[in-house]
Structures are given as C-alpha cells and as structure tokens.
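Below you'll find the structure, written out as structure tokens, and then a few comments.
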Amino acid sequence: MGDLTTISSNLLYAAFFIYLIATFFFGATIRDKKKGSSKVAGNIGITITIIGFLTQLGYFFTRWGASGHAPVSNLFEYTTFFGMMLVFAFIVLYFIYRVDLLGLFALPIALLLIAFASMFPTEISPLVPSLQSHWLYIHVTTASLGQGILSVSFVAGLIFLIRQVDQTKRSKHTMWLEFVIYIIASTVAFIVLSSTFSALQYQAEFEAPVEGQPMTITYEMPAIAGPAQGELLTEGAWSPLFEAPEWMRGEDAAKKFNTFLWAIVGGLVLYWGLRLIFRRRIAALIQPLLKRVNPELVDEVSYRAVAIGFPVFTLGALIFAMIWAQQAWDRFWGWDPKEVWALITFFFYAAYLHLRLSRGWQGMKSAWLAVGGFGIIMFNLIAVNLIISGLHSYA
C-alpha cells in the first residue's frame, strides 16, 4: 500500500509539470506568425497534454489500488479528479474545434485546481459508512465529468470576453472582467501563500471558547483575524490584527475566515502589483495576444461545452445523487446545502440553454453566462464544502 501511495503521489506531481510544459507550447502558438510553425507547436502541446492526462489517470488508479476505493471521497481527491476531467473535456473539444488557445487558458485552470487540492489533507483514510457504496463512483465521477465539461465553457467564454470587450474605455464589462481576473489572482495568491507557510511549518495556537468550552485552535497561516475572545498561546507568533466576529465560534470558522482574508489580501497585492508593473488593465494586456482568435468559433465552443456538459451533470449530480440518497437516507431530496447548489447549477445552465436557443443570447451575453456558471461551480466546490455544514461535509 505504501509503495502504491508513493507512486500515485509521484504520478500526480509528474502530471502537474507535464501540463505546465504543455501550456508553454500552447502559448507558443500566439507568437508564431507562420501558420505551419504554429500548427507544430499546437500539435506538440496537445500531445504533451494527452501524456499528462494519462499520467494523472495512472495516479487515479494507483491511488484507487492503495485505498481500496475510488479516490473521490474527500476534497483533495475530488478536486484533483475535477481537474483531470477538465483536461479530458478540453482534449475532446480540442479535437473537434482545433482551438490552440483553448489549451493556454484551460490547462492553467486545471493546474490551479490541482494546486488548490494540495492544500487539503492528502492522507488516505477509510470511507465513512455513508460513502461505502458503488454509487460513490457513479455519482461523483459523473457529476465531476459534467462540471469539467462545463468548465471548458467558462474557458471559452473568458477568451471571448478578453478578445471582444472594448478596452479603450472604462465600462461595466471591463470592470467585471477585471474582477474575474482578480478572483483568479486571489486563487493563485492563496496557493502560493499556503504553500509558503506550509513549507515554513508555521503554526500558531489559540485558546478560545467554543460552545462554552475552552478549545485549542491551530492556525497554519499568520492570524489576520484571531478567534473571538481567543488568547494566543504560541510565543513569537503573529498577533492578530483583530478578532473574528462573535458568530464565528465554530472550531474552524475563524481559521477559515482568516484563510479567506489572506486570499483576498494576497489577490489584491498580486493583481495591483501587475497593474502597476504593466500600467494597464490585465485584460487589456492580454487582448492583443488574442487577435488571431475567431470569436464566433470560441462562442460555439462555449455553447457546445454546455450542450454536452449539462446533461452529463444532470445525470450525475441530480439523478444518480437522488438514487443514492434514497438508498442511504431513505429520501430522494432533503434540501442539504450541497443538493440545493446542485439544483441551482442545474437551473442556471438550463436557463443558459433556453436563453441561447430561444432568445438568441449569443456572443457577449452567452460568454458572461458561461463565466457566471463557473462561479457557481466554484462556490459549490469551495464555500459549500468548507463553510456551510451539511450531510456532505465529510467531503
């Protein structure tokens, strides 16, 4: 088991770096003015991407062998699988549409997902009783595949917006586009900061009342916001600038709030640092690189990803989920937070298809919907899993 665990970890690291190399080759397609040279770079990029996907697939099955169950039972395993499904969806759509720049944007999102997953405990642990079912494999993998395909819609929509939004004047489109880029910058900053403090083995212990009882709370990042009525126990650790609100009295509530603040602050520093260096909006900086992009084609890719991903997501996240819920909890539906957000995601993309097909919402409107849909998916992945407690909290 130990050998398989080590092999699976090494395969995941290898897949990460292979995707990174593939991203550089897709990036080379931007500056290659000769069509033949650009085609070669794109072919190399997709070939390396496939090698990376097969490597990550090797990670998936070796971890399955080490754990004895499909590795989709906790946030580390699910998020890495989500990243793998995004890469798989990109590969399929690439061979349909041959848009090289899709790889330049899709692979970094997959890399961010894998890096984000590494922030959670990676140890293999036994399944809790409620997860000991073959529906774990069926429900979770199908839902993740659907979300991976829908995420490609976001990638194509983002490319369309950066390509088409007029950057010569300030508008609501430029402001919202910069906000999306800031969110991505915050994710990058969070990963870098978390990895740095983890490498430094930073820890600060606080004693604070939780449900009337004193409890020791360990911070892995310096405390911007300490626990309410908390006392710092670790000598030499960073004293908090202020205390978390009184209602954040759960064991991990204040710590999660502190992590959120680090992501916000880190994102601001990274985003405005780039703005000061380049003296322009980030989207305006990227836009000239996308001149060769056919906006009608990426708009079609965005729509097609939703047309394919929506029924897959519906099957996995709703239908299979309700069958499993009936077996596990004797009810098809229970308004658990995770179930509610799966339903919200379903209605959102149903509305997307309705507006696209019946109201002619194409181009800019369709692209913004694709970006908003991905925001819902990420809120479900991060906020619902980490902050809102429910029957799915074990994930």
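In the structure tokens, chains take letters A, B, ... by order of appearance, with residues numbered from 1 within each chain and ligands from 1 in the order shown.
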
- Message: With only C-alpha atoms as the counted atoms, please give the residues lying no more than 8 Å from Trp368 (chain A), apart from itself and same-chain residues fewer than 4 positions off, as number ranges by chain.
- Response: A: 157, 161, 364, 372

Export of prior selection with N, CA, C and O atoms as a compact mmCIF listing (two decimals), in the first residue's frame:
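What ended up in selection-v2.txt:
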# COMPACT_ATOMS: atom_id res chain seq x y z
N GLY A 157 -15.61 31.12 -22.86
CA GLY A 157 -16.29 32.40 -22.62
C GLY A 157 -15.33 33.48 -22.18
O GLY A 157 -15.44 34.64 -22.61
N LEU A 161 -14.53 37.05 -24.07
CA LEU A 161 -14.67 38.36 -23.42
C LEU A 161 -13.38 39.17 -23.51
O LEU A 161 -13.42 40.37 -23.82
N MET A 364 -21.53 38.08 -26.46
CA MET A 364 -21.20 38.66 -25.17
C MET A 364 -22.09 38.14 -24.04
O MET A 364 -21.61 37.76 -22.98
N GLY A 372 -20.38 33.18 -15.31
CA GLY A 372 -21.19 33.10 -14.10
C GLY A 372 -21.45 31.68 -13.66
O GLY A 372 -21.45 31.37 -12.47

What are the nearest atom pairs, with distances in Å to one decimal, for all residues of region 138-241 of chain A that come at most 12 Å from region 63-83 of chain A, using only C-alpha atoms, set out by chain and rising residue number as CSV?
residue,atom,partner,partner_atom,distance
A:Ile138,CA,A:Ala70,CA,9.9
A:His139,CA,A:Val72,CA,10.2
A:Val140,CA,A:Val72,CA,7.0
A:Thr141,CA,A:Val72,CA,7.5
A:Thr142,CA,A:Phe82,CA,10.3
A:Ala143,CA,A:Phe82,CA,9.2
A:Ser144,CA,A:Phe82,CA,5.4
A:Leu145,CA,A:Phe82,CA,7.0
A:Gly146,CA,A:Phe82,CA,9.3
A:Gln147,CA,A:Phe82,CA,7.4
A:Gly148,CA,A:Phe82,CA,6.1
A:Ile149,CA,A:Phe82,CA,9.8
A:Leu150,CA,A:Phe82,CA,11.1
A:Ser151,CA,A:Gly83,CA,9.7
A:Val152,CA,A:Gly83,CA,11.1

Taken to one decimal, the CA of Ala15 (chain A)-CA of Gly52 (chain A) distance is 4.6 Å

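Across the structure, CA of Ala28 (chain A) and CA of Lys169 (chain A) are spaced 29.4 Å apart.
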
- [ ] Please return as a PyMOL selection string: the residues of region 231-341 of chain A that backbone DSSP assigns to strand (DSSP E).
- [x] chain A and resi 231-232+242-243

Each region 96-195 of chain A residue no farther than 12 Å from region 204-227 of chain A, nearest pair in Å, only C-alpha atoms, as a Markdown table:
| residue | atom | partner | partner_atom | distance |
| --- | --- | --- | --- | --- |
| A:Met119 | CA | A:Glu220 | CA | 10.9 |
| A:Phe120 | CA | A:Glu220 | CA | 11.9 |
| A:Phe190 | CA | A:Met221 | CA | 10.6 |
| A:Ile191 | CA | A:Met221 | CA | 11.9 |
| A:Val192 | CA | A:Met221 | CA | 11.9 |
| A:Leu193 | CA | A:Met221 | CA | 8.3 |
| A:Ser194 | CA | A:Met221 | CA | 7.1 |
| A:Ser195 | CA | A:Met221 | CA | 10.0 |

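Non-sequential neighbours of Phe90 (chain A) (distance at most 10 Å, separation of 5 or more positions within a chain, only C-alpha atoms) are Ile46, Thr49, Met84, Met85, Phe95, Ile96, Val99, Leu102, Gly103, Ala106, Leu107, Gly148, Ile149, Ser151, Val152, Ser153, Val155 and Ala305 of chain A.
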
Expected file contents, prior selection, all heavy atoms, as a compact mmCIF listing (two decimals), in the first residue's frame:
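Written output follows (again.txt):
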# COMPACT_ATOMS: atom_id res chain seq x y z
N ILE A 46 -0.84 19.50 -27.60
CA ILE A 46 -1.91 18.54 -27.33
C ILE A 46 -1.35 17.15 -27.07
O ILE A 46 -1.89 16.40 -26.24
CB ILE A 46 -2.94 18.51 -28.50
CG1 ILE A 46 -4.20 17.73 -28.09
CG2 ILE A 46 -2.34 17.94 -29.75
CD1 ILE A 46 -4.96 18.30 -26.93
N THR A 49 -0.21 17.22 -23.56
CA THR A 49 -1.40 17.23 -22.69
C THR A 49 -1.97 15.84 -22.52
O THR A 49 -2.34 15.43 -21.41
CB THR A 49 -2.48 18.16 -23.28
OG1 THR A 49 -1.97 19.48 -23.42
CG2 THR A 49 -3.71 18.20 -22.38
N MET A 84 -8.69 16.75 -13.57
CA MET A 84 -8.45 15.75 -14.62
C MET A 84 -9.60 15.72 -15.62
O MET A 84 -9.38 15.59 -16.83
CB MET A 84 -8.25 14.37 -14.00
CG MET A 84 -7.86 13.28 -15.00
SD MET A 84 -7.36 11.73 -14.20
CE MET A 84 -8.93 11.16 -13.54
N MET A 85 -10.82 15.84 -15.14
CA MET A 85 -11.98 15.84 -16.03
C MET A 85 -12.01 17.09 -16.90
O MET A 85 -12.45 17.05 -18.06
CB MET A 85 -13.27 15.72 -15.23
CG MET A 85 -13.48 14.36 -14.57
SD MET A 85 -13.59 12.99 -15.78
CE MET A 85 -11.90 12.38 -15.82
N PHE A 95 -10.04 18.35 -30.25
CA PHE A 95 -10.03 17.57 -31.48
C PHE A 95 -11.27 17.84 -32.35
O PHE A 95 -11.27 17.54 -33.53
CB PHE A 95 -9.91 16.08 -31.17
CG PHE A 95 -8.50 15.65 -30.84
CD1 PHE A 95 -8.16 15.31 -29.55
CD2 PHE A 95 -7.52 15.64 -31.82
CE1 PHE A 95 -6.86 14.94 -29.24
CE2 PHE A 95 -6.22 15.27 -31.52
CZ PHE A 95 -5.88 14.92 -30.23
N ILE A 96 -12.30 18.43 -31.74
CA ILE A 96 -13.48 18.82 -32.53
C ILE A 96 -13.25 20.17 -33.20
O ILE A 96 -13.55 20.35 -34.39
CB ILE A 96 -14.73 18.88 -31.63
CG1 ILE A 96 -15.05 17.49 -31.08
CG2 ILE A 96 -15.93 19.42 -32.43
CD1 ILE A 96 -16.19 17.48 -30.08
N VAL A 99 -8.85 24.57 -31.47
CA VAL A 99 -8.53 25.92 -30.99
C VAL A 99 -7.36 25.80 -30.02
O VAL A 99 -7.52 25.38 -28.87
CB VAL A 99 -9.74 26.56 -30.29
CG1 VAL A 99 -9.38 27.98 -29.79
CG2 VAL A 99 -10.94 26.62 -31.22
N LEU A 102 -7.32 27.55 -26.56
CA LEU A 102 -8.14 26.95 -25.52
C LEU A 102 -7.24 26.25 -24.49
O LEU A 102 -7.51 26.30 -23.29
CB LEU A 102 -9.12 25.95 -26.14
CG LEU A 102 -10.37 25.58 -25.34
CD1 LEU A 102 -11.24 26.82 -25.14
CD2 LEU A 102 -11.16 24.50 -26.07
N GLY A 103 -6.16 25.64 -24.98
CA GLY A 103 -5.23 24.97 -24.07
C GLY A 103 -4.46 25.94 -23.20
O GLY A 103 -4.16 25.64 -22.04
N ALA A 106 -7.21 26.70 -20.58
CA ALA A 106 -7.79 25.57 -19.87
C ALA A 106 -6.79 24.89 -18.94
O ALA A 106 -7.11 24.54 -17.80
CB ALA A 106 -8.36 24.55 -20.87
N LEU A 107 -5.57 24.67 -19.43
CA LEU A 107 -4.58 23.96 -18.62
C LEU A 107 -4.19 24.74 -17.35
O LEU A 107 -4.06 24.12 -16.29
CB LEU A 107 -3.34 23.64 -19.46
CG LEU A 107 -3.56 22.59 -20.57
CD1 LEU A 107 -2.26 22.30 -21.30
CD2 LEU A 107 -4.13 21.30 -19.98
N GLY A 148 -16.47 19.32 -15.32
CA GLY A 148 -15.27 19.54 -16.12
C GLY A 148 -15.61 20.06 -17.51
O GLY A 148 -14.96 20.99 -18.02
N ILE A 149 -16.64 19.48 -18.13
CA ILE A 149 -17.05 19.93 -19.46
C ILE A 149 -17.61 21.35 -19.39
O ILE A 149 -17.30 22.20 -20.23
CB ILE A 149 -18.09 18.96 -20.06
CG1 ILE A 149 -17.51 17.55 -20.16
CG2 ILE A 149 -18.54 19.43 -21.44
CD1 ILE A 149 -18.54 16.48 -20.52
N SER A 151 -16.79 23.58 -17.33
CA SER A 151 -15.69 24.49 -17.07
C SER A 151 -15.00 24.94 -18.35
O SER A 151 -14.49 26.06 -18.44
CB SER A 151 -14.67 23.85 -16.12
OG SER A 151 -15.26 23.55 -14.87
N VAL A 152 -14.98 24.07 -19.36
CA VAL A 152 -14.42 24.45 -20.65
C VAL A 152 -15.26 25.56 -21.27
O VAL A 152 -14.74 26.44 -21.97
CB VAL A 152 -14.33 23.23 -21.60
CG1 VAL A 152 -13.81 23.66 -22.97
CG2 VAL A 152 -13.39 22.18 -21.01
N SER A 153 -16.57 25.56 -20.98
CA SER A 153 -17.43 26.64 -21.45
C SER A 153 -16.97 27.97 -20.85
O SER A 153 -16.93 29.00 -21.54
CB SER A 153 -18.88 26.36 -21.04
OG SER A 153 -19.72 27.44 -21.37
N VAL A 155 -13.87 28.65 -19.89
CA VAL A 155 -12.59 28.99 -20.52
C VAL A 155 -12.83 29.67 -21.86
O VAL A 155 -12.25 30.72 -22.15
CB VAL A 155 -11.73 27.72 -20.70
CG1 VAL A 155 -10.48 28.03 -21.52
CG2 VAL A 155 -11.34 27.14 -19.35
N ALA A 305 -19.89 23.15 -25.17
CA ALA A 305 -19.48 22.56 -23.89
C ALA A 305 -20.67 22.48 -22.94
O ALA A 305 -20.82 21.50 -22.21
CB ALA A 305 -18.35 23.39 -23.28

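Distances from A:Phe313, A:Trp262, A:Tyr59, A:Phe332 to Thr345 (chain A) were compared using only C-alpha atoms, and the smallest one belongs to A:Phe313.
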
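Nearest residue to Ser366 (chain A) among A:Arg304, A:Lys338, A:Arg331, A:Arg279 is A:Arg304, counting only C-alpha atoms.
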
| request: as a PyMOL selection string, please: all residues of region 117-189 of chain A that backbone DSSP puts in alpha helix (DSSP H). | output: chain A and resi 117+135-164+172-189

What would the file look like if the residues just selected were written as a PDB file, in the first residue's frame with C-alpha atoms?
ATOM      1  CA  ALA A 117      -6.347  20.369  -3.966  1.00  0.00           C
ATOM      2  CA  TRP A 135     -22.924   4.894  -6.094  1.00  0.00           C
ATOM      3  CA  LEU A 136     -19.888   6.832  -4.827  1.00  0.00           C
ATOM      4  CA  TYR A 137     -18.090   6.010  -8.081  1.00  0.00           C
ATOM      5  CA  ILE A 138     -21.123   6.513 -10.285  1.00  0.00           C
ATOM      6  CA  HIS A 139     -22.500   9.738  -8.785  1.00  0.00           C
ATOM      7  CA  VAL A 140     -19.296  11.627  -8.023  1.00  0.00           C
ATOM      8  CA  THR A 141     -17.347  10.764 -11.179  1.00  0.00           C
ATOM      9  CA  THR A 142     -20.272  11.587 -13.474  1.00  0.00           C
ATOM     10  CA  ALA A 143     -21.005  14.871 -11.695  1.00  0.00           C
ATOM     11  CA  SER A 144     -17.320  15.808 -11.852  1.00  0.00           C
ATOM     12  CA  LEU A 145     -17.144  14.952 -15.553  1.00  0.00           C
ATOM     13  CA  GLY A 146     -20.140  17.199 -16.183  1.00  0.00           C
ATOM     14  CA  GLN A 147     -18.534  20.045 -14.239  1.00  0.00           C
ATOM     15  CA  GLY A 148     -15.270  19.541 -16.122  1.00  0.00           C
ATOM     16  CA  ILE A 149     -17.053  19.930 -19.461  1.00  0.00           C
ATOM     17  CA  LEU A 150     -18.987  22.959 -18.207  1.00  0.00           C
ATOM     18  CA  SER A 151     -15.689  24.494 -17.065  1.00  0.00           C
ATOM     19  CA  VAL A 152     -14.421  24.453 -20.653  1.00  0.00           C
ATOM     20  CA  SER A 153     -17.431  26.644 -21.446  1.00  0.00           C
ATOM     21  CA  PHE A 154     -16.053  29.153 -18.927  1.00  0.00           C
ATOM     22  CA  VAL A 155     -12.592  28.985 -20.522  1.00  0.00           C
ATOM     23  CA  ALA A 156     -14.007  29.666 -23.990  1.00  0.00           C
ATOM     24  CA  GLY A 157     -16.288  32.399 -22.618  1.00  0.00           C
ATOM     25  CA  LEU A 158     -13.356  34.097 -20.896  1.00  0.00           C
ATOM     26  CA  ILE A 159     -11.317  34.024 -24.118  1.00  0.00           C
ATOM     27  CA  PHE A 160     -14.277  35.548 -25.974  1.00  0.00           C
ATOM     28  CA  LEU A 161     -14.669  38.356 -23.425  1.00  0.00           C
ATOM     29  CA  ILE A 162     -10.978  39.259 -23.340  1.00  0.00           C
ATOM     30  CA  ARG A 163     -10.971  39.226 -27.145  1.00  0.00           C
ATOM     31  CA  GLN A 164     -14.152  41.257 -27.639  1.00  0.00           C
ATOM     32  CA  LYS A 172     -19.156  47.674 -16.719  1.00  0.00           C
ATOM     33  CA  HIS A 173     -17.749  44.953 -18.989  1.00  0.00           C
ATOM     34  CA  THR A 174     -14.141  45.947 -18.299  1.00  0.00           C
ATOM     35  CA  MET A 175     -14.847  46.227 -14.565  1.00  0.00           C
ATOM     36  CA  TRP A 176     -16.455  42.781 -14.302  1.00  0.00           C
ATOM     37  CA  LEU A 177     -13.774  41.229 -16.481  1.00  0.00           C
ATOM     38  CA  GLU A 178     -11.080  42.638 -14.205  1.00  0.00           C
ATOM     39  CA  PHE A 179     -12.999  41.292 -11.209  1.00  0.00           C
ATOM     40  CA  VAL A 180     -12.909  37.795 -12.722  1.00  0.00           C
ATOM     41  CA  ILE A 181      -9.163  38.158 -13.269  1.00  0.00           C
ATOM     42  CA  TYR A 182      -8.768  39.382  -9.687  1.00  0.00           C
ATOM     43  CA  ILE A 183     -10.544  36.234  -8.411  1.00  0.00           C
ATOM     44  CA  ILE A 184      -8.081  34.114 -10.387  1.00  0.00           C
ATOM     45  CA  ALA A 185      -5.218  36.190  -8.922  1.00  0.00           C
ATOM     46  CA  SER A 186      -6.615  35.590  -5.415  1.00  0.00           C
ATOM     47  CA  THR A 187      -6.630  31.840  -6.042  1.00  0.00           C
ATOM     48  CA  VAL A 188      -3.015  31.950  -7.203  1.00  0.00           C
ATOM     49  CA  ALA A 189      -2.048  34.082  -4.196  1.00  0.00           C
TER      50      ALA A 189
END

Exercise. Do a neighbour search on Arg280 (chain A) at 12 Å with only C-alpha atoms, toss out local chain neighbours closer than 5 positions, and write the hits as number ranges by chain.
Key: A: 167-170, 174, 178, 271-275, 285-287

Checklist line | Spatial neighbours of Thr23 (chain A), 8 Å, only C-alpha atoms, chain gap at least 2 places, as JSON, numbers by chain | finding: {"A": [19, 20, 21, 25, 26, 27, 45, 103, 104, 107, 108]}

Limited to N, CA and C atoms, could you put the picked residues into a file as an mmCIF file, in the first residue's frame?
data_model
loop_
_atom_site.group_PDB
_atom_site.id
_atom_site.type_symbol
_atom_site.label_atom_id
_atom_site.label_comp_id
_atom_site.auth_asym_id
_atom_site.auth_seq_id
_atom_site.Cartn_x
_atom_site.Cartn_y
_atom_site.Cartn_z
ATOM 1 N N TYR A 19 1.512 19.128 -17.612
ATOM 2 C CA TYR A 19 0.523 20.132 -18.030
ATOM 3 C C TYR A 19 1.171 21.511 -18.146
ATOM 4 N N LEU A 20 2.088 21.803 -17.235
ATOM 5 C CA LEU A 20 2.772 23.094 -17.266
ATOM 6 C C LEU A 20 3.592 23.243 -18.548
ATOM 7 N N ILE A 21 4.288 22.197 -18.936
ATOM 8 C CA ILE A 21 5.071 22.224 -20.175
ATOM 9 C C ILE A 21 4.148 22.387 -21.381
ATOM 10 N N PHE A 25 3.781 25.334 -24.698
ATOM 11 C CA PHE A 25 3.683 25.068 -26.139
ATOM 12 C C PHE A 25 2.422 25.692 -26.732
ATOM 13 N N PHE A 26 1.313 25.633 -25.988
ATOM 14 C CA PHE A 26 0.113 26.313 -26.478
ATOM 15 C C PHE A 26 0.329 27.822 -26.505
ATOM 16 N N GLY A 27 1.108 28.327 -25.545
ATOM 17 C CA GLY A 27 1.430 29.743 -25.553
ATOM 18 C C GLY A 27 2.268 30.134 -26.751
ATOM 19 N N GLY A 45 1.756 20.592 -28.156
ATOM 20 C CA GLY A 45 1.033 20.908 -26.932
ATOM 21 C C GLY A 45 -0.037 19.883 -26.613
ATOM 22 N N GLY A 103 -6.160 25.636 -24.977
ATOM 23 C CA GLY A 103 -5.230 24.970 -24.075
ATOM 24 C C GLY A 103 -4.462 25.937 -23.203
ATOM 25 N N LEU A 104 -4.160 27.124 -23.743
ATOM 26 C CA LEU A 104 -3.409 28.122 -22.990
ATOM 27 C C LEU A 104 -4.199 28.621 -21.789
ATOM 28 N N LEU A 107 -5.566 24.672 -19.431
ATOM 29 C CA LEU A 107 -4.579 23.964 -18.623
ATOM 30 C C LEU A 107 -4.195 24.736 -17.354
ATOM 31 N N PRO A 108 -4.003 26.068 -17.406
ATOM 32 C CA PRO A 108 -3.744 26.771 -16.145
ATOM 33 C C PRO A 108 -4.872 26.641 -15.129
#

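What separates CA of Phe53 (chain A) from CA of Val87 (chain A) is a distance of 6.9 Å.
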
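Nearest residue to Val92 (chain A) among A:Ile50, A:Leu200, A:Ala283, A:Ala110 is A:Ile50, counting only C-alpha atoms.
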